[in-house]
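Peer 1: Please see the structure below; I have some questions.
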Amino acid sequence: MSEVEKINGATVLCRALKEQGVEYVFGIVGVPIIEVGMMAQMEGLKYIGMRNEQAACYAAQAIGYLTAKPAACLTVPGPGMLHCIGGMVNANENAWPVIVISGSMDLDSEQRGSFQECNQVAAALPFAKFSARPNSIERIPFFVEKAVRTATYGRPGAVYLDMPADFIRNSALSDKIQWPVPAPPPPRCTADDASIKKAIDVLFHAERPLIIIGKGAAYSGAEASIRQFIDTHQFPFLPTPMAKGVVPDDHPCCVGPARSRALLNADVILLLGARMNWMLHFGEAPRFNKDVKVIQVEIQPEEMHNNVASTVALSGDIDTIVKQMNGEIAKCPQKFVFSSETSWWQSLREKIAANAKSTQNQVDEDSPPMNYYNAFHEITKLLPQDYLLVSEGSNTMDISRTMFMNNYPRRRLDAGTYGTMGVGLGFAIAGALWCRDHSPQTRLVCLQGDSAFGFSGMEVETICRYNLPILMIVINNNGIAMGATQDSFDSAQEGDPTLNLMPTFLSPVSRYQEVMKAFGGVGWEVETREGLSVALKEALATQKPSLINCRINPSAGKKAQDFFWLTSKI
């Protein structure tokens, strides 16, 4: 009789992840998790060693959004795991799947003051859909399957698995290990037929209809069904930032440049995978018509009627429900088209034209140094048609939302629902890996403010270590929102800088491109449009990691807005 094979816990964990469809593992290894990192590669999982656990968690969740399959984030106990909490919250708020796995002390050392001891299962629980510790090596695959299924079913989000050190290094008999089948894809739930018919009736009787496309629609892969719906009926639509490209930004029905007017005056809104949270001003006046009717399409039933009571609530998968609507409308003897000659379309086109003129005035401003608008204009002129944009950093992110066009879905990653700064380099690393492995024709462009770059700047070493052809552009205004001129900075340093340097000031002599060069990439420092154009052409021509340090006017900002930040109450 042959001897039964023994398999250690690290192997069981990595083999289970592989069988459940996990492709990437991001993390920082150390005691006791280092064996898991090594075994991940032996089992065919792509391991990316990061420099900060938060950035690793941001990278793993970005993969979850781009592929609809969770990646894993691997950490050491205690502070390593706790550094991931911000990333887990961000994943939950964005509804992106991610699996955080941390080592912990031997079970017989619990409550004895062991190395980096922390009740990690309890710490993760408020920020995770599922948080657990396997109760034996044999049942690790059971917990991995449940983690993957929980992260992706319903509203996606973060899950946590705790791996005791003795589970990692000890072994179990192979015939005792319980291997569940891979979790099936999430069910595509439908809405009831009566609600579908009511939604169509309410929308088709609107005088000022508007479709708002959220990133939930992008995650659902609903681009084809939504494009069919808009092409057929010619309704104006407004994408939320990470839904840009579900229907191309250059589509004639896109009213993104007239956002404020569209929200304020719409009488019926079809809400596709977006939420009436702070990003949509809670659906309240004065940003919205107080009598607006909302048709809400949402995967999570508990989100229905939140902040604004929906006239029709359609709970289920966004792509499936839009297909239901398309199918129901196809039964009608006459095709409904919302006329482009209505006063509603005329009002929206007028606002689009006015905003385009205002933006062009900023682009044409020719007094150096550059502002955001003319710098972004130079960049967008040279970008390839298919690029994945990572953008973060106050004005840098906000203005880029209006100036960088996205014509493909899931091609924009930014601070998202939680408004998290520091996500940029983690997102960029994940996006570059996704481009390499799944969309080789797509170029990764990472556009950051100088403050945003500082959160995870050492991940430049990670980028260079894995030779990822990321084009990074740091929009450098020497500050947070508003920066320092050299004179004002020097003057503040004459006394005690802790009392005199404005809280928003950053050093005006920062050479961010030298960080990239230090690790083997290439870099440029530019101050003019011409210099930016030359540097950008050279950066796009290389496959090396590259960084352009683009200096702009420290006092440059956004054009005047119709409303104050969030929701004006006046």
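Residue names in the structure tokens use chain letters A, B, ... in the order shown, residue numbers from 1 in each chain, and ligand numbers from 1 in the order shown.
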If we count only C-alpha atoms and set the cut-off at 8 Å, which residues sit around region 7-17 of chain A, ignoring sequence neighbours fewer than 5 positions away in its own chain? Please answer as an MDAnalysis selection string.
Peer 2: chainID A and resid 22 35:36 39:40 43 45 137 140:141 144:145 167:174 179
Peer 1: As number ranges by chain, which residues of region 276-512 of chain A does DSSP assign to strand (DSSP E)?
Peer 2: A: 293-298, 312-315, 387-392, 412-413, 443-449, 471-476, 479-480, 482-483
Peer 1: Take the residues from that selection and put them in a file with C-alpha atoms, as a JSON list (two decimals), in the first residue's frame.
Peer 2:
[["chain", "number", "residue", "atom", "x", "y", "z"],
["A", 293, "LYS", "CA", -38.59, 60.42, -10.54],
["A", 294, "VAL", "CA", -35.86, 57.81, -10.16],
["A", 295, "ILE", "CA", -35.77, 54.39, -11.81],
["A", 296, "GLN", "CA", -33.11, 52.57, -9.82],
["A", 297, "VAL", "CA", -31.26, 49.52, -11.17],
["A", 298, "GLU", "CA", -29.10, 48.12, -8.40],
["A", 312, "VAL", "CA", -39.38, 52.08, -9.76],
["A", 313, "ALA", "CA", -36.82, 49.81, -8.07],
["A", 314, "LEU", "CA", -35.25, 47.08, -10.21],
["A", 315, "SER", "CA", -33.05, 44.81, -8.12],
["A", 387, "TYR", "CA", -5.28, 53.62, -22.83],
["A", 388, "LEU", "CA", -6.11, 52.82, -19.23],
["A", 389, "LEU", "CA", -5.98, 55.99, -17.13],
["A", 390, "VAL", "CA", -5.21, 55.98, -13.42],
["A", 391, "SER", "CA", -5.82, 59.43, -11.97],
["A", 392, "GLU", "CA", -5.79, 60.86, -8.48],
["A", 412, "ARG", "CA", -10.45, 54.72, -15.79],
["A", 413, "LEU", "CA", -9.40, 54.14, -12.17],
["A", 443, "ARG", "CA", -1.25, 51.52, -22.56],
["A", 444, "LEU", "CA", -1.27, 52.35, -18.86],
["A", 445, "VAL", "CA", -1.07, 56.08, -18.07],
["A", 446, "CYS", "CA", -0.87, 57.19, -14.43],
["A", 447, "LEU", "CA", -1.74, 60.86, -13.91],
["A", 448, "GLN", "CA", -1.13, 62.13, -10.39],
["A", 449, "GLY", "CA", -0.83, 65.29, -8.42],
["A", 471, "LEU", "CA", 3.81, 56.19, -18.18],
["A", 472, "MET", "CA", 3.53, 58.31, -15.04],
["A", 473, "ILE", "CA", 2.85, 62.05, -15.23],
["A", 474, "VAL", "CA", 3.13, 64.00, -11.98],
["A", 475, "ILE", "CA", 1.29, 67.31, -12.18],
["A", 476, "ASN", "CA", 3.48, 69.31, -9.83],
["A", 479, "GLY", "CA", 1.31, 71.63, -2.87],
["A", 480, "ILE", "CA", -1.97, 70.09, -1.82],
["A", 482, "MET", "CA", -2.80, 75.10, -3.91],
["A", 483, "GLY", "CA", 1.00, 75.12, -3.81]]
Peer 1: Using only C-alpha atoms, find the one residue out of A:Pro79, A:Gly416, A:Gly273, A:Gly523 that sits nearest to Ile318 (chain A).
Peer 2: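 Ranking A:Pro79, A:Gly416, A:Gly273, A:Gly523 by distance to Ile318 (chain A), first place goes to A:Gly273.
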Peer 1: Skip Ile299 (chain A) itself and residues of its chain fewer than 3 positions away, then list as a list of chain:residue names all residues within 10 Å of it, counting only C-alpha atoms.
Peer 2: A:Tyr153, A:Gly154, A:Arg155, A:Pro156, A:Arg188, A:Cys189, A:Thr190, A:Gly216, A:Ala217, A:Ser220, A:Leu272, A:Gly273, A:Gln296, A:Glu302, A:Glu303, A:Met304, A:Leu314, A:Ser315, A:Gly316, A:Asp317, A:Ile318, A:Ile321
Peer 1: Tell me, in Å to one decimal, how far CA of Phe142 (chain A) is from CA of Gly49 (chain A).
Peer 2: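 Separation between CA of Phe142 (chain A) and CA of Gly49 (chain A): 26.4 Å.
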Peer 1: Neighbouring residues of Gln360 (chain A) were defined as those with any atom within 12 Å, considering only C-alpha atoms; residues of the same chain fewer than 3 positions away were excluded. Please report them as a ChimeraX atom specification.
Peer 2: /A:353-357,363-366,372-374,376-377,403,559
Peer 1: Work out how far apart CA of Lys544 (chain A) and CA of Ala72 (chain A) are and give it in Å to one decimal.
Peer 2: 26.6 Å
